[in-house]
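*Asks:* The structure follows.
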Amino acid sequence: MCCTSISKMNPKLYSCSFDGTVKLWDYVDGILIKTFVVGLKLHALFTLPSAEDSVFVIINKEKPDVFQLVSVKLPKSSSQEIEAKELSFVLDYINQSPKCIAFGNEGEYVAAVRDFYLSVYFFKKKTTSRFTLSSSRNKKHAKNNFTCVACHPKEDCIATGHKDGKIRLWRNFDDDKKYTYTCLHWHHDMVMDLAFSVTGTSLLSGGRESVLVEWRDATEKNKEFLPRLGATIEHISVSPAGDLFCTSHSDNKIIVIHRNLEASAVIQGLVKDSNIFTGLMVDPRTKALVLNGKPGHLQFYSLQHDKQLYNLDIIQQEYINDYGLIQIELTKAAFGCYGNWLATVEQRQEKETELELQMKLWMYNKKTQGFVLNTKVNMPHEDHITALCFCNAEKFENPTLVTSSKDGHFKVWILTDDSDIYKKAVGWTCDFVGSYHKYQATNCCFSEDGSLLAVSFEEIVTIWDSETWELKCTFCQRAGKIRHLCFGRLTCSKYLLGATENGILCCWNLLSCALEWSAKLNVRVMEPDPNSENIAAISRSSVGSDLFVFKPSEPRPLYIQKNISREEVQWGVFVPRDVPESFTSEAYQWLNRSQFYFLTKSQSLLTFSTKSPEEKLTPTSKQLLAEESLPTTPFYFILGKHREQQDEKINEAFESELVQLPLTENIPAISELLHTPAHVLPSASFLCSKFVSSLLLSKETKSGEEIPEDVDMEEGKESDDSDEENDFTEKIQDTNNTDLGEDLLHQLSKSEEKELRKFRKVDYSWITVL
Amino acid sequence: MAGYKPVAIQTYPVLGEKITQDTLYWNNYKTPVQIKEFGAVSKVDFSPQPPYNYAVTASSRIHIYGRYSQEPIKTFSRFKDTAYCATFRQDGRLLVAGSEDGGVQLFDITGRAPLRHFEGHTKAVHTVDFTADKYHVVSGADDYTVKLWDIPNSKEILTFKEHSDYVRCGCASKLNPDLFVTGSYDHTLKMFDARTNKSVISVEHGQPVESVLLFPSGGLLVSAGGRYVKIWDVLKGGQLLVSLKNHHKTVTCLYLSSSGQRLLSGSLDRKVKIYSTTSYKVVHSFDYAASILSLALAHEDETIVVGMTNGILSVKHRKSEAKKDSLPRRRRPAYRTFIKGKNYMKQRDDILINRPSKKHLELYDRDLKNFRVSKALDRVLEPSCTIKTPEITVSIIKELNRRGVLANALAGRDEKEISRVLNFLIRNLSQPRFAPVLINAAEIIIDIYLPVIGQSPVVDKKFLLLQGLVEKEIDYQRELLETLGMMDMLFATMTRKESTSVWQHASDGFLENKKVES
């Protein structure tokens with residue numbers, strides 16, 4: 001699907017797609033009404049109120065880069081699928097983007113822009129005029145390219161946006177000779193989108209500056225701004241009533257703006273428009289997924305509700321969105337002490353020698369329910385910080401943080417008392433600096449009980465006693481730099497795992513100080529499950545990414561999933577479940593306590609689910625139907641209650657209202673008590689039990705409560721175009737899930753020799769124990 | 001949507017003493033006035049009543065000084081030998097003093113001759129005080145006795161012979177007319193009750209007691225002796241609360257600040273220490289030129305008077321509150337402007353819109369908000385900013401660099417403006433904390449102004465200065481590196497158990513110094 005258009009009169013929606021069909025939907029009920037087969041790749045679609053029986057679509061016939069605007073007549077027929085082959089050509093050599101086409105003056109003409117051309121087609125006269133701006137060879141006009149177009153709703157006036165930030169207003173364009181244009185210039189970068197207000201008195205424009213500009217009366221002087229919208233404005237639209245504007249942004253955000261340029265609502269999903277440096281983390285308090293968000297911010301994203309909880313401003317500096325500027329990047333973050341502390345590292349490097357580093361430690365304030373900056377450390381290291389970890393063991397009352405850096409040192413930071421008679425305060429100070437032969441420190445990791453610290457120095461892993469900061473032992477495999485390092489947990493706490501750049505996964509036994517096993521696996525992501533011994537490793541092969549789940553004590557993996565994604569997986573994390581599942585099948589047992597989420601290079605957030613996609617979708621779509629078809633009146637609550645009781649399928653939103661309602665008005669005992677005169681009431685002790693029992697919830701409601709909430713959100717949808725891929729991977733997942741699971745069970749029953757051999761064939765010599 | 005975020009000004013830890021509200025309070029005194037007395041000043045006492053005159057006991061004289069007078073307004077010199085411990089009565093009208101010959105004399109402030117002469121002690125009387133009922137005097141003497149005298153009859157009422165050494169300090173309770181405390185060289189403090197004619201509490205200080213002080217509430221007792229200051233809880237029967245050891249030599253005098261929140265102690269080590277009376281931590285300390293024998297504070301801590309062994313009396317007056325004077329007050333809008341609309345009750349369908357609160361922005365922030373980069377730089381290059389707060393200037397330069405407009409802001413300056421920038425660079429370039437930012441700025445300046453070099457002798461001179469500075473800095477860094485190398489060598493030759501090298505950093509991150517002058 002690439003473009004939608006809503007017809008104004010009746011609530012219907014047309015959509016077109018690359019498969020050559022135009023579909024008509026009832027978007028209120030979510031029902032497909034009709035399908036028109038055009039048979040060509042459709043890039044965009046437009047409808048006009050004046051021409052209801054036809055739609056305009058952008059197609060490309062011959063060359064891949066040349067697009068045409070054609071009008072498609074939609075035949076009237078009662079059948080579901082109709083062929084619509086009656087095309088009439090409107091404009092040639094246009095841009096595929098819907099922003100580059102605009103219909104003006106109640107459908108009298110259509111304007112299209114591409115490169116240096118503005119083409120206008122008049123429907124009445126059936127003529128085309130073309131206007132050309134001076135060419136690119138002239139250096140002054142090098143960035144004259146058209147980027148977008150909008151037409152005045154009432155007058156003959158076309159506004160065009162340009163690459164150099166200018167906006168041109170064209171008039172008298174029905175005459176090839178006498179046409180004029182005026183220039184409006186405020187944007188210093190490309191104009192991304194333009195829109196006229198409903199009456200046409202003002203023009204809205206937006207671009208990379210993240211500022212919505214309102215040009216009043218089409219004059220350069222008379223303009224208003226709504227600055228600091230956070231990210232590049234991609235689209236602007238105006239509500240038909242004219243009271244609201246709406247902007248969509250490159251960071252997966254929609255802002256609804258009042259006519260007087262005041263933002264009234266923000267619809268924000270998982271912020272997309274940034275590089276993920278921090279990786280995926282789970283906030284121990286809110287169980288939200290935490291990662292880089294808006295520039296300079298950490299976003300807290302609720303996986304259960306597919307909603308951004310909040311953004312935490314880490315860098316706290318004015319963000320200048322400009323091409324080629326080197327921004328301060330938030331590179332590392334870690335939670336410690338059950339979410340009481342948050343450590344962040346930000347850096348900015350302009351030249352090789354000029355590195356700005358800053359480490360910040362944030363304390364959770366219970367009163368304000370947010371993180372408050374506690375300590376700021378300038379240049380904590382002399383070079384990039386490669387890893388950051390808190391000691392999360394319970395026995396440590398004193399919070400401890402370890403940072404490792406490319407400058408060859410690792411530093412231990414501890415919380416110290418900084419209070420005097422005037423105030424109570426705590427602050428972080430450096431407690432210990434360690435190094436190993438001037439190698440770069442690449443990773444650091446605390447054991448589960450906090451007694452040991454493992455720091456990897458390029459190819460060597462060093463183990464330190466966390467009490468005395470003494471070097472205990474070293475492990476060296478000479479198999480390339482250590483990329484990932486983690487301790488085993490629970491029963492496997494005596495193992496240390498390391499994955500190297502040369503594609504070797506090693507497991508050392510800390511009791512014998514010897515290599516337990518190693519395997520050839522090009523590990524990209526290695527994540528331990530906080531609730532079990534399991535460790536998930538995602539490897540990268542030429543075909544795609546594969547997932548292996550294993551226990552350090554056994555070199556044989558518990559679960560293998562080939563090809564979880566076609567692209568590279570960048571980060572992964574185990575998110576603890578609120579309510580543990582109880583999958584008995586061995587293949588799914590690793591999903592019992594935690595759920596594994598991973599993020600691919602194109603920033604699709606994926607997870608593993610045991611349910612089929614249909615199962616997941618049905619409850620939500622049903623909910624939608626129910627919610628939409630009934631207005632929420634008091635009657636609805638009463639009637640709805642009856643229905644719910646019959647169905648025993650209550651969704652949570654209704655339920656809360658249902659539970660509250662009887663408490664207030666509908667209980668006869670209460671109304672009796674309140675409306676009967678006091679002197680005729682029986683004694684209070686007599687009424688008491690009746691009254692109390694009336695306040696208890698009835699049994700039906702309870703059973704409704706106990707229905708476990710369906711995890712209907714299995715997939716954080718970030719980008720529209722990732723949908724297709726998600727579907728793809730899910731399908732594969734599901735087939736493979738069952739296949740491999742059964743496979744494994746089979747193999748278990750066979751002899752060891754055979755199993756080993758078969759495994760080797762299947763998964764690239766996983767069990768080459770050295 | 002969110003407002004403009006002001007530029008983050010880098011703060012640097014201030015070396016030396018931490019600035020607290022106490023240091024501010026106790027440093028807010030004028031330079032001391034020195035008054036030379038005839039001998040060591042053994043006692044200073046302020047009159048509790050206005051105009052808060054104070055009596056200074058030195059040698060055989062007692063001088064009464066007015067608050068701001070340098071000359072004594074009155075002198076009592078009818079002593080044959082050394083006088084001790086001239087103390088005002090609560091109403092400020094009578095003064096009592098002991099003397100070396102064992103006599104205790106009572107003076108009227110207005111008169112010259114003593115009103116009463118209490119005879120009874122056989123040795124020097126070092127401590128005298130009025131009791132809370134104003135009609136009795138307590139005295140302690142080197143004959144190990146403590147006596148209570150009646151003023152109207154000038155008779156001895158009681159004698160306590162419980163001390164086994166010189167009684168050198170004492171203090172009467174301000175609430176109870178029958179209670180008083182004395183400290184003696186027999187290392188004990190005794191609290192006497194005139195109704196029982198023996199001591200009620202006796203505590204062991206551990207050193208000869210030099211000074212003793214009762215808190216106004218009478219609940220706590222402070223004693224000084226040896227290097228120790230000890231706080232005793234009287235209500236718990238003389239339990240030791242805290243023992244403070246902050247002086248290097250014997251503590252000679254104690255005083256409470258007027259609020260009762262701070263305790264001052266003076267010592268022979270020439271220091272006055274100020275303690276908080278809640279945490280008993282030292283919050284401030286003063287240095288004096290000679291060993292301190294006596295100490296007193298005026299009403300509301302307005303004056304600190306310290307007497308020393310060399311006979312110098314040091315008087316410090318509090319600085320008068322900075323007068324918010326005489327700027328003609330701007331005409332405010334009329335009262336009805338403020339009250340306008342305030343009493344309007346919200347109706348049912350009204351939507352309340354508050355006036356958005358305006359965030360205060362610094363001038364440079366206002367310029368930066370509106371992208372006036374050169375103007376912002378001009379503002380922070382004003383001498384008032386560059387000298388007092390160079391970190392603001394550096395932070396703005398850094399911010400401009402982050403925005404990628406530093407070259408624009410530095411370009412197009414005339415001789416005067418560019419020499420201002422260069423002056424700032426010359427002053428601050430070699431500071432390690434500013435160096436990374438300023439070296440970058442210096443490079444940009446050289447790039448911009450290289451074509452016009454030689455046109456202005458003033459600017460050329462500045463460039464040469466800068467070059468010299470950079471060369472000096474490079475030499476210095478080289479020397480530092482050499483030293484570091486030598487130290488490494490020394491460390492390497494030392495035998496060590498472990499193969500790891502664990503060392504703290506000494507270098508300051510300024511090793512990469514580029515030669516900016518081409």
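Each chain of the structure tokens is named A, B, ... in the order shown, its residues numbered from 1; ligands are numbered from 1 in display order.
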Run DSSP on the backbone and grab whatever in segment 358-439 of chain B lands in alpha helix (DSSP H); send it over as an NGL selection string.
*Replies:* :B and (363-369 or 373-380 or 383-388 or 390-402 or 406-410 or 415-428 or 435-439)
*Asks:* Give me the residues near Asn28 of chain B as a list in words, where near means some atom within 12 Å (using only C-alpha atoms) and where sequence neighbours in that chain fewer than 5 positions away do not count.
*Replies:*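 These residues fall inside the cut-off: Gln21, Asp22, Thr23, Asp301, Glu302, Thr303, Ile304, Lys316, His317, Arg318, Lys319, Ser320, Glu321 and Ala322 of chain B.
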*Asks:* Could you write out that same residue set with N, CA, C and O atoms as a PDB file, in the first residue's frame?
*Replies:*
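The result, written out as again22.pdb:
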ATOM      1  N   GLN B  21      27.244  28.869  53.504  1.00  0.00           N
ATOM      2  CA  GLN B  21      26.606  30.054  54.055  1.00  0.00           C
ATOM      3  C   GLN B  21      27.343  30.526  55.302  1.00  0.00           C
ATOM      4  O   GLN B  21      27.329  31.703  55.627  1.00  0.00           O
ATOM      5  N   ASP B  22      28.049  29.583  55.974  1.00  0.00           N
ATOM      6  CA  ASP B  22      28.812  29.977  57.144  1.00  0.00           C
ATOM      7  C   ASP B  22      30.038  30.786  56.767  1.00  0.00           C
ATOM      8  O   ASP B  22      30.328  31.808  57.402  1.00  0.00           O
ATOM      9  N   THR B  23      30.767  30.334  55.753  1.00  0.00           N
ATOM     10  CA  THR B  23      31.948  31.112  55.360  1.00  0.00           C
ATOM     11  C   THR B  23      31.521  32.500  54.917  1.00  0.00           C
ATOM     12  O   THR B  23      32.196  33.490  55.207  1.00  0.00           O
ATOM     13  N   ASP B 301      25.914  39.215  66.827  1.00  0.00           N
ATOM     14  CA  ASP B 301      27.211  38.963  66.189  1.00  0.00           C
ATOM     15  C   ASP B 301      27.748  40.177  65.437  1.00  0.00           C
ATOM     16  O   ASP B 301      28.469  40.032  64.453  1.00  0.00           O
ATOM     17  N   GLU B 302      27.359  41.370  65.883  1.00  0.00           N
ATOM     18  CA  GLU B 302      27.762  42.553  65.120  1.00  0.00           C
ATOM     19  C   GLU B 302      29.268  42.800  65.201  1.00  0.00           C
ATOM     20  O   GLU B 302      29.854  43.348  64.295  1.00  0.00           O
ATOM     21  N   THR B 303      29.879  42.389  66.287  1.00  0.00           N
ATOM     22  CA  THR B 303      31.302  42.640  66.476  1.00  0.00           C
ATOM     23  C   THR B 303      31.950  41.400  67.070  1.00  0.00           C
ATOM     24  O   THR B 303      31.357  40.749  67.933  1.00  0.00           O
ATOM     25  N   ILE B 304      33.158  41.106  66.605  1.00  0.00           N
ATOM     26  CA  ILE B 304      33.930  40.028  67.220  1.00  0.00           C
ATOM     27  C   ILE B 304      35.151  40.680  67.865  1.00  0.00           C
ATOM     28  O   ILE B 304      35.911  41.373  67.177  1.00  0.00           O
ATOM     29  N   LYS B 316      36.526  43.277  65.204  1.00  0.00           N
ATOM     30  CA  LYS B 316      36.013  43.175  63.835  1.00  0.00           C
ATOM     31  C   LYS B 316      34.542  43.531  63.835  1.00  0.00           C
ATOM     32  O   LYS B 316      33.765  42.959  64.611  1.00  0.00           O
ATOM     33  N   HIS B 317      34.162  44.443  62.957  1.00  0.00           N
ATOM     34  CA  HIS B 317      32.755  44.835  62.839  1.00  0.00           C
ATOM     35  C   HIS B 317      32.149  44.214  61.603  1.00  0.00           C
ATOM     36  O   HIS B 317      32.815  44.080  60.582  1.00  0.00           O
ATOM     37  N   ARG B 318      30.910  43.854  61.758  1.00  0.00           N
ATOM     38  CA  ARG B 318      30.201  43.309  60.595  1.00  0.00           C
ATOM     39  C   ARG B 318      30.003  44.394  59.555  1.00  0.00           C
ATOM     40  O   ARG B 318      29.749  45.543  59.886  1.00  0.00           O
ATOM     41  N   LYS B 319      30.143  43.979  58.284  1.00  0.00           N
ATOM     42  CA  LYS B 319      29.903  44.936  57.204  1.00  0.00           C
ATOM     43  C   LYS B 319      28.427  45.302  57.223  1.00  0.00           C
ATOM     44  O   LYS B 319      27.571  44.425  57.370  1.00  0.00           O
ATOM     45  N   SER B 320      28.161  46.556  57.052  1.00  0.00           N
ATOM     46  CA  SER B 320      26.763  46.975  57.038  1.00  0.00           C
ATOM     47  C   SER B 320      26.095  46.416  55.795  1.00  0.00           C
ATOM     48  O   SER B 320      26.722  46.252  54.750  1.00  0.00           O
ATOM     49  N   GLU B 321      24.843  46.094  55.929  1.00  0.00           N
ATOM     50  CA  GLU B 321      24.080  45.547  54.813  1.00  0.00           C
ATOM     51  C   GLU B 321      24.179  46.479  53.615  1.00  0.00           C
ATOM     52  O   GLU B 321      24.062  47.694  53.759  1.00  0.00           O
ATOM     53  N   ALA B 322      24.438  45.880  52.458  1.00  0.00           N
ATOM     54  CA  ALA B 322      24.561  46.702  51.255  1.00  0.00           C
ATOM     55  C   ALA B 322      23.282  47.493  51.077  1.00  0.00           C
ATOM     56  O   ALA B 322      22.192  46.925  50.998  1.00  0.00           O
TER      57      ALA B 322
END
*Asks:* List as a ChimeraX atom specification the protein and nucleic acid residues near Trp215 of chain A, meaning an atom at most 12 Å away when only C-alpha atoms are counted, but skip any in the same chain fewer than 4 places from it.
*Replies:* /A:159,167,169,183-187,194-197,200-206,219-226,261
*Asks:* Residues of chain A within 9 Å of chain B, counting only C-alpha atoms, what are they? List them as a ChimeraX atom specification.
*Replies:* /A:226-230,262-263,316-320,322,324-328,350,353-354,382,420-422,432-438,471
*Asks:* Restricting the calculation to only C-alpha atoms, which member of B:Phe130, B:Tyr68, B:Tyr135, B:Phe38 is positioned closest to Pro51 of chain B?
*Replies:*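 Of B:Phe130, B:Tyr68, B:Tyr135, B:Phe38, the one nearest Pro51 of chain B, counting only C-alpha atoms, is B:Tyr68.
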*Asks:* Tell me, as a PyMOL selection string, which residues lie within 12 Å of Asp251 of chain A, counting only C-alpha atoms; anything in the same chain fewer than 3 positions away does not count.
*Replies:* chain A and resi 208+210+229-234+247-248+254-255+266-275+292-295+299+603+718-719
*Asks:* Work out how far apart atom CA of Val306 of chain B and atom CA of Phe286 of chain B are and give it in Å to one decimal.
*Replies:*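 Between these atoms lies a distance of 10.7 Å.
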*Asks:* Skipping near chain neighbours, those fewer than 6 positions away, what residues fall within 12 Å of segment 12-23 of chain A using only C-alpha atoms, listed as a compact mmCIF listing (two decimals) with N, CA, C and O atoms, in the first residue's frame?
*Replies:*
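result.txt, freshly written:
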# COMPACT_ATOMS: atom_id res chain seq x y z
N MET A 1 0.85 -1.19 0.00
CA MET A 1 0.00 0.00 0.00
C MET A 1 0.88 1.23 0.00
O MET A 1 1.87 1.28 0.73
N CYS A 2 0.56 2.17 -0.83
CA CYS A 2 1.42 3.33 -0.84
C CYS A 2 0.68 4.62 -0.64
O CYS A 2 1.27 5.61 -0.26
N CYS A 3 -0.57 4.66 -0.87
CA CYS A 3 -1.22 5.96 -0.70
C CYS A 3 -2.70 5.77 -0.43
O CYS A 3 -3.32 4.85 -0.91
N THR A 4 -3.24 6.65 0.37
CA THR A 4 -4.66 6.57 0.65
C THR A 4 -5.29 7.92 0.40
O THR A 4 -4.62 8.94 0.40
N SER A 5 -6.54 7.92 0.17
CA SER A 5 -7.24 9.17 -0.04
C SER A 5 -8.66 9.00 0.45
O SER A 5 -9.29 7.99 0.18
N ILE A 6 -9.13 9.95 1.17
CA ILE A 6 -10.46 9.83 1.77
C ILE A 6 -11.45 10.68 0.98
O ILE A 6 -11.21 11.86 0.76
N ASP A 29 -15.88 0.90 9.92
CA ASP A 29 -16.07 -0.47 10.39
C ASP A 29 -14.91 -1.37 10.03
O ASP A 29 -14.85 -2.51 10.46
N GLY A 30 -14.01 -0.86 9.19
CA GLY A 30 -12.88 -1.67 8.79
C GLY A 30 -13.26 -2.78 7.83
O GLY A 30 -12.77 -3.89 7.92
N ILE A 31 -14.15 -2.47 6.90
CA ILE A 31 -14.62 -3.50 5.95
C ILE A 31 -14.18 -3.11 4.54
O ILE A 31 -14.28 -1.94 4.15
N LEU A 32 -13.71 -4.10 3.80
CA LEU A 32 -13.37 -3.87 2.40
C LEU A 32 -14.65 -3.93 1.59
O LEU A 32 -15.40 -4.90 1.65
N ILE A 33 -14.92 -2.86 0.82
CA ILE A 33 -16.17 -2.83 0.06
C ILE A 33 -15.94 -3.34 -1.35
O ILE A 33 -16.62 -4.23 -1.82
N LYS A 34 -14.96 -2.75 -1.99
CA LYS A 34 -14.76 -3.12 -3.40
C LYS A 34 -13.30 -3.13 -3.75
O LYS A 34 -12.49 -2.45 -3.09
N THR A 35 -12.96 -3.87 -4.79
CA THR A 35 -11.60 -3.86 -5.31
C THR A 35 -11.65 -3.56 -6.79
O THR A 35 -12.41 -4.20 -7.52
N PHE A 36 -10.92 -2.54 -7.21
CA PHE A 36 -10.84 -2.21 -8.64
C PHE A 36 -9.46 -2.63 -9.12
O PHE A 36 -8.45 -2.21 -8.54
N VAL A 37 -9.41 -3.45 -10.15
CA VAL A 37 -8.13 -3.91 -10.66
C VAL A 37 -7.71 -3.02 -11.81
O VAL A 37 -8.41 -2.91 -12.81
N VAL A 38 -6.60 -2.32 -11.66
CA VAL A 38 -6.10 -1.45 -12.72
C VAL A 38 -5.03 -2.17 -13.52
O VAL A 38 -4.97 -2.08 -14.73
N GLY A 39 -4.19 -2.92 -12.80
CA GLY A 39 -3.22 -3.72 -13.51
C GLY A 39 -1.87 -3.08 -13.70
O GLY A 39 -0.99 -3.64 -14.34
N LEU A 40 -1.69 -1.89 -13.19
CA LEU A 40 -0.38 -1.23 -13.28
C LEU A 40 0.07 -0.89 -11.86
O LEU A 40 -0.75 -0.75 -10.98
N LYS A 41 1.37 -0.75 -11.71
CA LYS A 41 1.89 -0.33 -10.40
C LYS A 41 1.39 1.06 -10.09
O LYS A 41 1.64 1.99 -10.87
N LEU A 42 0.70 1.24 -9.00
CA LEU A 42 0.13 2.55 -8.67
C LEU A 42 0.96 3.19 -7.56
O LEU A 42 1.19 2.59 -6.51
N HIS A 43 1.43 4.39 -7.82
CA HIS A 43 2.33 5.04 -6.87
C HIS A 43 1.61 6.00 -5.93
O HIS A 43 2.05 6.20 -4.81
N ALA A 44 0.55 6.63 -6.41
CA ALA A 44 -0.18 7.54 -5.55
C ALA A 44 -1.60 7.67 -6.07
O ALA A 44 -1.88 7.32 -7.22
N LEU A 45 -2.46 8.15 -5.24
CA LEU A 45 -3.86 8.21 -5.62
C LEU A 45 -4.48 9.50 -5.12
O LEU A 45 -4.17 9.96 -4.01
N PHE A 46 -5.32 10.10 -5.93
CA PHE A 46 -6.00 11.34 -5.54
C PHE A 46 -7.47 11.22 -5.90
O PHE A 46 -7.83 10.58 -6.88
N THR A 47 -8.31 11.84 -5.10
CA THR A 47 -9.73 11.90 -5.46
C THR A 47 -10.14 13.36 -5.47
O THR A 47 -9.54 14.19 -4.79
N LEU A 48 -11.16 13.63 -6.24
CA LEU A 48 -11.69 14.99 -6.29
C LEU A 48 -13.17 14.93 -5.95
O LEU A 48 -13.87 14.05 -6.43
N GLU A 52 -16.56 12.23 -8.79
CA GLU A 52 -16.62 11.14 -7.82
C GLU A 52 -16.47 9.77 -8.44
O GLU A 52 -16.10 8.82 -7.76
N SER A 54 -14.38 8.88 -10.67
CA SER A 54 -13.04 8.54 -11.15
C SER A 54 -12.01 8.96 -10.11
O SER A 54 -12.24 9.84 -9.29
N VAL A 55 -10.87 8.31 -10.17
CA VAL A 55 -9.77 8.68 -9.29
C VAL A 55 -8.54 8.95 -10.15
O VAL A 55 -8.47 8.52 -11.31
N PHE A 56 -7.62 9.69 -9.58
CA PHE A 56 -6.37 9.97 -10.29
C PHE A 56 -5.26 9.15 -9.66
O PHE A 56 -5.14 9.12 -8.43
N VAL A 57 -4.49 8.50 -10.49
CA VAL A 57 -3.39 7.71 -9.95
C VAL A 57 -2.11 8.05 -10.69
O VAL A 57 -2.13 8.53 -11.82
N ILE A 58 -0.99 7.82 -10.04
CA ILE A 58 0.32 8.00 -10.68
C ILE A 58 0.83 6.63 -11.07
O ILE A 58 0.87 5.70 -10.24
N ILE A 59 1.19 6.51 -12.32
CA ILE A 59 1.71 5.22 -12.79
C ILE A 59 3.02 5.48 -13.52
O ILE A 59 3.35 6.62 -13.86
N ASN A 60 3.81 4.45 -13.74
CA ASN A 60 4.91 4.58 -14.70
C ASN A 60 4.86 3.42 -15.66
O ASN A 60 4.76 2.27 -15.27
N VAL A 72 -8.55 7.39 -13.65
CA VAL A 72 -9.11 6.06 -13.83
C VAL A 72 -10.61 6.15 -13.56
O VAL A 72 -11.03 6.64 -12.51
N LYS A 73 -11.38 5.71 -14.52
CA LYS A 73 -12.84 5.70 -14.32
C LYS A 73 -13.22 4.45 -13.56
O LYS A 73 -12.81 3.35 -13.92
N LEU A 74 -13.92 4.64 -12.47
CA LEU A 74 -14.31 3.49 -11.67
C LEU A 74 -15.70 3.06 -12.09
O LEU A 74 -16.68 3.77 -11.85
N GLN A 80 -17.75 -7.62 -6.21
CA GLN A 80 -16.68 -7.25 -5.30
C GLN A 80 -15.43 -6.81 -6.05
O GLN A 80 -14.78 -5.85 -5.69
N GLU A 81 -15.09 -7.53 -7.10
CA GLU A 81 -13.85 -7.22 -7.80
C GLU A 81 -14.18 -6.77 -9.21
O GLU A 81 -14.85 -7.47 -9.96
N ILE A 82 -13.74 -5.59 -9.56
CA ILE A 82 -14.13 -4.99 -10.82
C ILE A 82 -12.87 -4.60 -11.57
O ILE A 82 -11.91 -4.09 -10.97
N GLU A 83 -12.90 -4.84 -12.86
CA GLU A 83 -11.78 -4.39 -13.69
C GLU A 83 -11.99 -2.91 -14.03
O GLU A 83 -13.07 -2.50 -14.40
N ALA A 84 -10.97 -2.10 -13.82
CA ALA A 84 -11.07 -0.69 -14.19
C ALA A 84 -9.94 -0.38 -15.17
O ALA A 84 -8.80 -0.19 -14.77
N LYS A 85 -10.27 -0.43 -16.42
CA LYS A 85 -9.23 -0.30 -17.45
C LYS A 85 -9.33 1.02 -18.21
O LYS A 85 -8.58 1.28 -19.12
*Asks:* If I take atom CA of Gly336 of chain A and atom CA of Asn592 of chain A, how far is one from the other in Å, to one decimal?
*Replies:*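 The value is 24.6 Å.
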*Asks:* May I have the residues within 10 Å of Pro284 of chain A as a short mmCIF file (atom, residue, chain, number, x, y, z; two decimals) with C-alpha atoms, in the first residue's frame, using only C-alpha atoms and disregarding those fewer than 4 positions away in the same chain?
*Replies:*
data_model
loop_
_atom_site.label_atom_id
_atom_site.label_comp_id
_atom_site.auth_asym_id
_atom_site.auth_seq_id
_atom_site.Cartn_x
_atom_site.Cartn_y
_atom_site.Cartn_z
CA ALA A 288 9.54 -0.24 29.54
CA LEU A 289 11.96 -0.70 26.72
CA PHE A 335 20.31 1.05 34.71
CA GLY A 336 21.51 0.06 38.14
CA CYS A 337 20.22 -0.81 41.58
CA TYR A 338 16.70 -1.81 40.51
CA GLY A 339 16.22 1.31 38.47
CA ASN A 340 17.36 3.73 41.14
CA VAL A 575 12.04 -8.60 28.70
CA PRO A 576 10.75 -10.34 31.83
#
*Asks:* Excluding Ala376 of chain B and its own-chain neighbours fewer than 3 positions away, which residues fall within 6 Å of it when counting only C-alpha atoms? Please give them as a PyMOL selection string.
*Replies:* chain B and resi 364+367+373+379
*Asks:* Which residue out of B:Val459, B:Ala289, B:Val229, B:Ala124 has the minimum interatomic distance to Pro208 of chain B when only C-alpha atoms are used?
*Replies:*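 Looking only at the distances to Pro208 of chain B, the closest residue turns out to be B:Val229.
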*Asks:* Work out how far atom CA of His136 of chain B is from atom CA of Glu156 of chain B, in Å to one decimal.
*Replies:*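 Atom-to-atom, atom CA of Glu156 of chain B to atom CA of His136 of chain B, that is 9.5 Å.
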*Asks:* Restricting the calculation to only C-alpha atoms, which member of B:Ser59, B:Ser69, B:Asn197, B:Gln90 is positioned closest to Glu37 of chain B?
*Replies:* B:Ser59
